[in-house]
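**Student:** Here you go, start_6.cif (mmCIF, C-alpha atoms):
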```
data_coords
loop_
_atom_site.label_atom_id
_atom_site.label_comp_id
_atom_site.auth_asym_id
_atom_site.auth_seq_id
_atom_site.Cartn_x
_atom_site.Cartn_y
_atom_site.Cartn_z
CA MET B 780 3.14 65.78 -2.83
CA LYS B 781 2.85 62.60 -4.79
CA THR B 782 1.32 59.71 -2.91
CA LYS B 783 3.03 56.36 -3.26
CA HIS B 784 0.76 53.39 -3.90
CA LEU B 785 2.13 50.31 -2.14
CA LEU B 786 1.01 46.82 -3.06
CA LEU B 787 0.21 44.42 -0.25
CA GLY B 788 -0.07 40.93 -1.69
CA LEU B 789 -0.22 37.25 -1.01
CA PRO B 790 3.16 35.62 -1.49
CA LEU B 791 2.55 33.84 -4.78
CA ALA B 792 0.26 33.05 -7.65
CA LEU B 793 -0.84 29.53 -8.45
CA SER B 794 -3.36 27.35 -10.22
CA GLY B 795 -4.99 24.50 -8.30
CA VAL B 796 -5.74 21.16 -9.98
CA LEU B 797 -8.48 19.70 -7.82
CA LEU B 798 -9.59 16.12 -7.52
CA ALA B 799 -12.60 15.44 -5.29
CA GLY B 800 -13.72 12.14 -3.81
CA CYS B 801 -14.94 10.54 -0.58
CA ASN B 802 -12.83 8.70 1.97
CA GLY B 803 -13.86 5.82 4.13
CA ASN B 804 -15.38 7.86 6.94
CA GLY B 805 -17.58 9.98 4.69
CA ALA B 806 -15.50 13.15 4.81
CA THR B 807 -14.91 14.64 1.38
CA GLU B 808 -11.33 15.07 0.27
CA THR B 809 -9.93 17.61 -2.17
CA THR B 810 -6.37 17.40 -3.39
CA GLY B 811 -4.72 20.70 -4.26
CA ALA B 812 -1.80 20.00 -6.60
CA SER B 813 -0.69 23.55 -7.10
CA THR B 814 1.21 24.87 -10.10
CA ARG B 815 3.19 28.04 -9.59
CA THR B 816 3.49 30.67 -12.30
CA ALA B 817 6.98 31.80 -13.19
CA GLN B 818 8.01 35.18 -11.88
CA THR B 819 9.54 38.28 -13.36
CA ALA B 820 10.53 39.37 -9.84
CA SER B 821 11.30 36.98 -7.00
CA ASP B 822 9.29 37.13 -3.79
CA ALA B 823 12.22 35.70 -1.81
CA PRO B 824 13.46 37.96 1.01
CA GLU B 825 15.63 40.84 -0.09
CA GLY B 826 19.27 39.79 -0.16
CA SER B 827 18.53 36.10 -0.83
CA SER B 828 21.02 34.27 -2.96
CA ALA B 829 19.93 32.91 -6.32
CA GLU B 830 19.75 29.41 -4.86
CA GLU B 831 17.76 30.59 -1.82
CA ALA B 832 15.36 32.47 -4.07
CA LYS B 833 14.96 29.41 -6.26
CA LYS B 834 14.11 27.25 -3.22
CA LYS B 835 11.60 29.77 -1.87
CA THR B 836 9.80 30.66 -5.08
CA GLY B 837 9.98 27.34 -6.92
CA ALA B 838 11.14 29.15 -10.07
CA GLY B 839 14.28 28.19 -11.93
CA GLU B 840 16.86 30.66 -13.24
CA THR B 841 15.20 30.67 -16.66
CA GLY B 842 11.81 31.63 -15.21
CA ALA B 843 10.19 28.49 -16.62
CA MET B 844 7.01 27.04 -15.17
CA ALA B 845 7.78 25.07 -12.00
CA THR B 846 5.54 22.67 -10.13
CA PRO B 847 6.16 22.14 -6.39
CA THR B 848 6.93 18.52 -5.58
CA ARG B 849 4.77 18.73 -2.47
CA SER B 850 1.11 19.54 -2.20
CA THR B 851 -1.69 19.04 0.30
CA LYS B 852 -5.05 17.32 0.60
CA LEU B 853 -8.13 18.95 2.12
CA SER B 854 -10.76 16.80 3.87
CA PHE B 855 -14.05 18.45 4.87
CA SER B 856 -16.54 17.20 7.44
CA SER B 857 -19.23 18.80 9.60
CA ALA B 858 -21.26 18.27 12.74
CA PRO B 859 -24.07 17.64 12.13
CA GLY B 860 -23.16 15.78 8.97
CA ALA B 861 -26.25 17.03 7.11
CA LEU B 862 -25.68 20.78 7.15
CA PRO B 863 -28.72 22.68 8.44
CA VAL B 864 -30.07 26.05 7.33
CA GLY B 865 -30.23 28.92 9.82
CA LYS B 866 -28.52 26.89 12.56
CA ALA B 867 -24.87 26.80 13.53
CA ALA B 868 -22.75 23.85 12.49
CA THR B 869 -19.10 23.08 13.18
CA TRP B 870 -16.92 22.53 10.14
CA THR B 871 -13.64 20.62 10.22
CA LEU B 872 -11.02 21.07 7.52
CA GLN B 873 -8.14 18.61 7.74
CA ILE B 874 -4.96 19.39 5.80
CA ASN B 875 -2.69 16.44 5.07
CA ASP B 876 0.28 15.92 2.81
CA ALA B 877 -1.03 14.62 -0.52
CA GLN B 878 1.83 12.16 -0.94
CA SER B 879 2.47 10.75 2.53
CA GLY B 880 -0.96 11.39 4.05
CA ALA B 881 0.66 12.84 7.17
CA PRO B 882 -0.96 15.90 8.78
CA VAL B 883 0.54 19.26 7.88
CA ASN B 884 1.53 20.79 11.21
CA ASP B 885 2.87 24.26 10.46
CA PHE B 886 1.32 27.09 8.45
CA ALA B 887 2.51 30.58 7.62
CA VAL B 888 0.55 33.57 8.89
CA VAL B 889 -0.74 35.45 5.84
CA HIS B 890 -2.64 38.66 6.49
CA ASP B 891 -2.92 37.89 10.20
CA LYS B 892 -4.43 34.41 9.73
CA LEU B 893 -3.33 30.84 9.09
CA MET B 894 -6.35 30.20 6.86
CA HIS B 895 -8.75 32.43 4.95
CA LEU B 896 -11.95 30.56 4.11
CA ILE B 897 -14.17 32.03 1.40
CA VAL B 898 -17.66 30.53 1.23
CA VAL B 899 -20.21 31.31 -1.51
CA LYS B 900 -23.53 29.98 -2.64
CA LYS B 901 -23.07 28.54 -6.11
CA ASP B 902 -25.35 31.15 -7.67
CA LEU B 903 -23.06 33.81 -6.10
CA SER B 904 -25.98 35.36 -4.22
CA TRP B 905 -24.25 34.93 -0.84
CA PHE B 906 -20.67 35.39 0.36
CA ASN B 907 -18.76 34.96 3.61
CA HIS B 908 -15.11 35.35 4.59
CA ILE B 909 -14.24 33.46 7.79
CA HIS B 910 -11.15 32.22 9.59
CA PRO B 911 -11.04 28.69 11.00
CA GLU B 912 -8.81 28.12 14.04
CA HIS B 913 -5.92 25.67 13.82
CA GLN B 914 -6.30 22.97 16.47
CA GLY B 915 -2.94 21.42 15.64
CA GLY B 916 -2.07 18.50 13.41
CA GLY B 917 -3.47 20.19 10.30
CA LYS B 918 -6.97 20.34 11.78
CA PHE B 919 -8.92 23.61 11.38
CA THR B 920 -12.38 24.16 12.83
CA VAL B 921 -14.98 26.91 12.60
CA THR B 922 -18.60 27.23 13.69
CA THR B 923 -20.77 29.04 11.18
CA THR B 924 -24.31 29.29 9.80
CA LEU B 925 -25.63 29.00 6.25
CA PRO B 926 -28.62 31.19 5.30
CA SER B 927 -30.57 29.05 2.84
CA ALA B 928 -30.80 25.63 1.24
CA GLY B 929 -28.80 24.82 -1.85
CA ALA B 930 -25.34 24.14 -3.24
CA TYR B 931 -22.28 25.96 -1.88
CA LYS B 932 -18.58 26.16 -2.63
CA LEU B 933 -15.68 27.02 -0.34
CA TYR B 934 -12.11 28.05 -1.07
CA ALA B 935 -9.54 27.29 1.65
CA ASP B 936 -6.61 29.70 1.25
CA TYR B 937 -3.50 28.71 3.25
CA THR B 938 0.27 28.41 3.02
CA PRO B 939 2.06 25.49 4.70
CA LYS B 940 5.44 26.65 6.00
CA GLY B 941 8.17 26.01 3.48
CA ARG B 942 5.70 25.29 0.70
CA ALA B 943 3.64 27.12 -1.87
CA GLN B 944 0.32 28.78 -1.12
CA GLU B 945 -2.62 26.51 -1.96
CA VAL B 946 -6.32 27.20 -2.52
CA PRO B 947 -8.25 23.94 -2.82
CA SER B 948 -12.00 24.25 -3.24
CA HIS B 949 -14.82 22.01 -2.04
CA GLU B 950 -18.51 21.86 -3.00
CA PHE B 951 -21.24 20.86 -0.55
CA SER B 952 -24.95 21.33 0.10
CA ALA B 953 -27.19 22.59 2.91
CA GLY B 954 -30.77 21.91 3.89
CA GLY B 955 -30.90 18.69 1.90
CA VAL B 956 -30.86 20.60 -1.41
CA THR B 957 -27.99 19.66 -3.71
CA THR B 958 -28.65 22.07 -6.57
CA THR B 959 -28.76 25.82 -6.91
CA ALA B 960 -29.84 27.84 -9.92
CA ALA B 961 -27.00 29.02 -12.13
CA PRO B 962 -25.91 32.62 -11.51
CA THR B 963 -27.94 35.23 -13.37
CA LEU B 964 -25.38 37.98 -13.10
CA VAL B 965 -26.08 41.39 -14.59
CA PRO B 966 -23.22 43.92 -14.84
CA ASP B 967 -23.66 46.91 -12.57
CA LYS B 968 -24.26 50.16 -14.40
CA MET B 969 -21.86 53.07 -14.32
CA GLN B 970 -23.18 56.34 -12.91
CA GLY B 971 -20.87 59.27 -13.49
CA GLY B 972 -17.84 57.01 -13.77
CA TRP B 973 -18.76 54.89 -10.72
CA MET B 974 -20.85 51.87 -9.84
CA THR B 975 -22.51 52.61 -6.48
CA LYS B 976 -24.13 50.44 -3.81
CA LYS B 977 -25.76 51.06 -0.42
CA VAL B 978 -24.73 48.42 2.14
CA THR B 979 -24.81 47.94 5.90
CA SER B 980 -21.86 46.95 8.07
CA HIS B 981 -21.77 43.68 9.97
CA PRO B 982 -19.59 41.79 12.46
CA GLU B 983 -16.77 39.79 10.91
CA GLY B 984 -18.03 36.45 9.60
CA GLU B 985 -21.71 37.40 10.05
CA PRO B 986 -22.81 38.87 6.71
CA ASP B 987 -26.53 38.45 7.51
CA ALA B 988 -26.45 40.34 10.81
CA LYS B 989 -28.92 43.21 11.03
CA GLY B 990 -28.65 46.67 12.54
CA GLY B 991 -25.34 47.82 11.07
CA ALA B 992 -24.58 51.35 9.91
CA THR B 993 -25.36 52.27 6.29
CA TYR B 994 -22.57 53.06 3.87
CA GLU B 995 -22.23 53.94 0.22
CA VAL B 996 -19.51 52.04 -1.62
CA ALA B 997 -18.51 53.00 -5.16
CA LEU B 998 -16.37 51.10 -7.65
CA MET B 999 -14.51 52.45 -10.66
CA PRO B 1000 -12.99 49.65 -12.79
CA MET B 1001 -9.87 50.80 -14.66
CA PRO B 1002 -9.34 50.80 -17.54
CA SER B 1003 -12.80 50.87 -18.97
CA PRO B 1004 -13.77 48.58 -20.58
CA LEU B 1005 -11.98 45.78 -18.71
CA ARG B 1006 -10.25 43.19 -20.87
CA ALA B 1007 -8.98 39.69 -20.15
CA GLY B 1008 -5.24 39.24 -19.71
CA GLU B 1009 -4.54 42.93 -19.06
CA ASP B 1010 -3.50 44.65 -15.84
CA SER B 1011 -6.60 46.17 -14.28
CA MET B 1012 -7.45 48.21 -11.21
CA LEU B 1013 -10.57 48.04 -9.07
CA HIS B 1014 -10.76 51.45 -7.42
CA PHE B 1015 -13.16 51.39 -4.46
CA GLN B 1016 -14.32 54.46 -2.57
CA VAL B 1017 -16.07 54.13 0.80
CA ARG B 1018 -18.53 56.84 1.85
CA ASP B 1019 -21.05 57.35 4.62
CA ALA B 1020 -24.81 57.06 4.13
CA LYS B 1021 -24.95 60.64 2.79
CA GLY B 1022 -22.15 60.09 0.28
CA LYS B 1023 -19.37 61.82 2.25
CA PRO B 1024 -15.99 60.08 1.78
CA ILE B 1025 -14.75 58.24 4.88
CA LYS B 1026 -11.11 58.92 5.72
CA ASP B 1027 -10.73 56.80 8.86
CA LEU B 1028 -11.09 53.24 7.59
CA GLN B 1029 -9.31 50.74 9.81
CA PRO B 1030 -6.89 48.05 8.62
CA TYR B 1031 -8.66 44.74 8.15
CA LEU B 1032 -6.47 41.66 8.53
CA GLY B 1033 -3.28 43.62 7.97
CA ALA B 1034 -4.45 45.64 4.97
CA MET B 1035 -6.80 48.53 4.22
CA GLY B 1036 -9.17 46.14 2.48
CA HIS B 1037 -9.60 42.83 0.73
CA ALA B 1038 -11.14 41.94 -2.62
CA VAL B 1039 -12.29 38.48 -3.63
CA ILE B 1040 -13.31 37.97 -7.25
CA LEU B 1041 -15.03 34.93 -8.75
CA SER B 1042 -15.92 34.15 -12.34
CA SER B 1043 -19.58 33.38 -13.00
CA ASP B 1044 -18.78 29.65 -13.25
CA THR B 1045 -16.88 29.84 -9.89
CA GLU B 1046 -13.85 28.27 -11.57
CA SER B 1047 -11.57 31.31 -11.40
CA TYR B 1048 -10.77 32.66 -7.92
CA LEU B 1049 -8.79 35.85 -7.33
CA HIS B 1050 -7.92 37.20 -3.87
CA SER B 1051 -6.31 40.62 -4.10
CA HIS B 1052 -4.88 43.01 -1.53
CA PRO B 1053 -4.68 46.76 -1.97
CA MET B 1054 -2.28 49.39 -3.07
CA GLU B 1055 -2.14 51.77 -0.13
CA GLY B 1056 -2.71 55.51 -0.38
CA GLY B 1057 -5.14 57.90 -1.94
CA MET B 1058 -5.55 58.89 -5.56
CA ASP B 1059 -4.11 62.41 -4.87
CA GLY B 1060 -6.25 63.76 -7.70
CA LYS B 1061 -4.01 62.34 -10.40
CA PRO B 1062 -4.58 59.52 -12.90
CA HIS B 1063 -3.10 56.24 -11.72
CA ASP B 1064 -0.08 55.12 -13.74
CA MET B 1065 -0.88 51.48 -14.55
CA SER B 1066 2.63 50.99 -15.98
CA LYS B 1067 4.18 51.38 -12.51
CA MET B 1068 2.42 48.44 -10.86
CA GLY B 1069 5.32 46.08 -11.44
CA GLU B 1070 7.57 48.42 -9.43
CA MET B 1071 5.39 48.50 -6.30
CA LYS B 1072 7.02 47.65 -2.97
CA HIS B 1073 5.41 45.78 -0.07
CA SER B 1074 4.74 47.81 3.07
CA ALA B 1075 2.64 47.79 6.22
CA PRO B 1076 -0.70 49.61 5.93
CA PRO B 1077 -1.32 52.89 7.75
CA LYS B 1078 -3.27 52.91 11.01
CA SER B 1079 -6.20 54.46 9.17
CA GLY B 1080 -6.98 55.60 5.67
CA GLY B 1081 -9.48 55.95 2.91
CA PRO B 1082 -11.74 56.74 1.29
CA ASP B 1083 -9.93 55.25 -1.74
CA VAL B 1084 -8.73 51.65 -1.75
CA MET B 1085 -7.38 50.20 -4.98
CA PHE B 1086 -6.79 46.60 -5.99
CA HIS B 1087 -4.56 45.43 -8.82
CA THR B 1088 -5.84 42.35 -10.65
CA ASN B 1089 -5.72 40.52 -13.97
CA PHE B 1090 -8.77 38.67 -15.28
CA PRO B 1091 -7.86 35.33 -16.92
CA LYS B 1092 -10.71 35.14 -19.43
CA ALA B 1093 -13.63 37.11 -20.82
CA GLY B 1094 -16.99 36.96 -19.09
CA LEU B 1095 -18.87 38.13 -16.01
CA TYR B 1096 -17.19 38.30 -12.61
CA LYS B 1097 -18.49 39.16 -9.16
CA ALA B 1098 -16.16 41.14 -6.90
CA TRP B 1099 -16.62 41.54 -3.15
CA GLY B 1100 -14.71 44.44 -1.59
CA GLN B 1101 -14.33 44.31 2.20
CA PHE B 1102 -13.33 47.15 4.51
CA MET B 1103 -13.44 47.89 8.24
CA HIS B 1104 -14.91 50.96 9.94
CA LYS B 1105 -15.63 51.37 13.64
CA GLY B 1106 -14.88 47.72 14.25
CA LYS B 1107 -17.37 46.31 11.74
CA ILE B 1108 -16.98 44.96 8.22
CA ILE B 1109 -18.34 46.69 5.14
CA THR B 1110 -18.90 44.22 2.29
CA ALA B 1111 -19.92 45.50 -1.13
CA ALA B 1112 -20.44 43.25 -4.17
CA PHE B 1113 -20.28 44.34 -7.80
CA VAL B 1114 -20.65 42.51 -11.11
CA VAL B 1115 -18.26 43.53 -13.88
CA ASN B 1116 -18.06 42.47 -17.49
CA VAL B 1117 -14.63 41.58 -18.81
CA GLY B 1118 -14.22 41.72 -22.56
CA ALA B 1119 -12.09 39.50 -24.76
CA ALA B 1120 -8.40 40.26 -24.89
CA LYS B 1121 -7.16 42.39 -27.74
CA ALA B 1122 -5.43 40.41 -30.46
CA GLY B 1123 -1.84 39.82 -29.34
CA ALA B 1124 -2.32 41.74 -26.11
CA ALA B 1125 -3.25 38.97 -23.67
CA LYS B 1126 -0.51 38.13 -21.20
CA ASP B 1127 0.95 34.67 -20.94
CA ALA B 1128 0.13 33.66 -17.38
CA THR B 1129 3.48 31.83 -17.16
CA HIS B 1130 5.41 35.08 -17.39
CA ASP B 1131 4.01 37.20 -14.58
CA HIS B 1132 4.03 37.14 -10.80
CA ASP B 1133 0.93 38.65 -9.21
CA GLU B 1134 -1.00 37.58 -6.14
CA SER B 1135 -4.23 38.46 -7.92
CA LYS B 1136 -3.70 35.95 -10.73
CA PRO B 1137 -6.48 33.35 -10.66
CA HIS B 1138 -6.56 30.05 -8.90
CA ALA B 1139 -8.44 27.70 -11.21
CA HIS B 1140 -10.78 25.12 -9.71
#
```
Show me the file's structure as structure tokens.
**Tutor:**
Amino acid sequence: MKTKHLLLGLPLALSGVLLAGCNGNGATETTGASTRTAQTASDAPEGSSAEEAKKKTGAGETGAMATPTRSTKLSFSSAPGALPVGKAATWTLQINDAQSGAPVNDFAVVHDKLMHLIVVKKDLSWFNHIHPEHQGGGKFTVTTTLPSAGAYKLYADYTPKGRAQEVPSHEFSAGGVTTTAAPTLVPDKMQGGWMTKKVTSHPEGEPDAKGGATYEVALMPMPSPLRAGEDSMLHFQVRDAKGKPIKDLQPYLGAMGHAVILSSDTESYLHSHPMEGGMDGKPHDMSKMGEMKHSAPPKSGGPDVMFHTNFPKAGLYKAWGQFMHKGKIITAAFVVNVGAAKAGAAKDATHDHDESKPHAH
């Protein structure tokens, strides 16, 4: 029996034009003026009229590039103001309308949360995926701990109701250190068709917690070699400490896994959600990805979880795959090298709709 691979995705692709500055009270502000890519297939609800689809997606009938007239502004502050190392601090992220300055009150639930906050050290040596709570009036708060001194960057991923998804970023420092060495990324080596890592599970939002179970996570990038501008697949396989495939992964935030991918300069951000189902022993037909339907994930699954993506430019990228097993998170990071696009083969980003298209910062 052929297994169907169903794509679970964020509702739109966008590029963020970010302007950072400081307001009067010392909180840093980031304006996310998002630009939506045109779509080959609308993400409006099935049965929507052409006008309803146009209002929801922001795309005109010709499929031309459309820019939403509304966008938001992110202000970041913390208590204490000087972020410590190894001690908890409370972060506040305030979302206001970029034009009127009024708080944004209502947000859409996307993959079980109103906001997904991705935090990395600028050298990409550390990663966390956390979920601030909305206190009302566009104010989100979260208490979290940073592991070491240096420069960090966060990506706040949210969708105000009735508007486009936005992913403004913000850079900050901890421990009084404002610089961090540039990433020295080295592509992971293939072993028998796979890249393989040993990792330990951890509670959600606590990547440095000790004592978790050991897992083996393997990654097979497809096709090989990867090339910029082409549809690609990151095929993860989750195994136990002895290498036995795990078939009872639990859904994590409404999907069987999550993948966050950053370029080595941290300017390109991709957040992808998986195609559900196993590989059923057959080669995956990359030409069918545009025909995938959205569906709820199964109650359990694995060991194979596959993510559709499209790298915007050549270079090194770091990809973090996240999965849940026995109530804890398995996070595995891999570095992949993406080659230059073939002459005439690179896709025009204004002609495709894909939640894994990059958000530029």
**Student:** Using the chain letters and numbers from this file, what does the PyMOL selection byres ((chain B and resi 937-941) around 7) select? Give the answer as a list in words.
**Tutor:**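 Output of the PyMOL selection byres ((chain B and resi 937-941) around 7): Asp885, Phe886, Ala887, Leu893, Met894, His895, Ala935, Asp936, Arg942, Ala943, Gln944, Glu945 and Val946 of chain B.
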**Student:** Using only C-alpha atoms, find each residue in range 1007-1034 of chain B having at least one atom no more than 8 Å away from range 1080-1097 of chain B; report its shortest atom-to-atom pair and that distance in Å (one decimal), rows by chain then rising number, as a tab-separated table.
**Tutor:**
```
residue	atom	partner	partner_atom	distance
B:Ala1007	CA	B:Lys1092	CA	4.9
B:Gly1008	CA	B:Pro1091	CA	5.5
B:Glu1009	CA	B:Asn1089	CA	5.8
B:Asp1010	CA	B:Asn1089	CA	5.0
B:Ser1011	CA	B:Thr1088	CA	5.3
B:Met1012	CA	B:His1087	CA	4.7
B:Leu1013	CA	B:Phe1086	CA	5.1
B:His1014	CA	B:Met1085	CA	4.4
B:Phe1015	CA	B:Val1084	CA	5.2
B:Gln1016	CA	B:Asp1083	CA	4.5
B:Val1017	CA	B:Pro1082	CA	5.1
B:Arg1018	CA	B:Pro1082	CA	6.8
B:Pro1024	CA	B:Pro1082	CA	5.4
B:Ile1025	CA	B:Pro1082	CA	4.9
B:Lys1026	CA	B:Gly1081	CA	4.4
B:Asp1027	CA	B:Gly1080	CA	5.1
B:Leu1028	CA	B:Gly1080	CA	5.1
B:Gln1029	CA	B:Gly1080	CA	6.8
```
**Student:** Could the residues in this selection be written to a file with C-alpha atoms, as a CSV table (one decimal), in the coordinates of the input?
**Tutor:**
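Output file selection.csv is given in full below:
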```
chain,number,residue,atom,x,y,z
B,1007,ALA,CA,-9.0,39.7,-20.2
B,1008,GLY,CA,-5.2,39.2,-19.7
B,1009,GLU,CA,-4.5,42.9,-19.1
B,1010,ASP,CA,-3.5,44.6,-15.8
B,1011,SER,CA,-6.6,46.2,-14.3
B,1012,MET,CA,-7.4,48.2,-11.2
B,1013,LEU,CA,-10.6,48.0,-9.1
B,1014,HIS,CA,-10.8,51.4,-7.4
B,1015,PHE,CA,-13.2,51.4,-4.5
B,1016,GLN,CA,-14.3,54.5,-2.6
B,1017,VAL,CA,-16.1,54.1,0.8
B,1018,ARG,CA,-18.5,56.8,1.8
B,1024,PRO,CA,-16.0,60.1,1.8
B,1025,ILE,CA,-14.8,58.2,4.9
B,1026,LYS,CA,-11.1,58.9,5.7
B,1027,ASP,CA,-10.7,56.8,8.9
B,1028,LEU,CA,-11.1,53.2,7.6
B,1029,GLN,CA,-9.3,50.7,9.8
```
**Student:** Between CA of Leu933 in chain B and CA of Val978 in chain B, what is the spacing in Å?
**Tutor:** 23.4 Å
**Student:** What is the distance between CA of Gly865 in chain B and CA of Asp987 in chain B, in Å to one decimal?
**Tutor:**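 Distance between the two atoms: 10.5 Å.
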**Student:** So what do you get for CA of Ile1108 in chain B versus CA of Trp905 in chain B, distance-wise?
**Tutor:** 15.3 Å
**Student:** At a cut-off of 6 Å from (-9.9, 41.8, -2.9) in the coordinates of the file, what residues are picked up using all atoms listed in the file, written as a PyMOL selection string?
**Tutor:** chain B and resi 1037-1039+1050-1052+1100
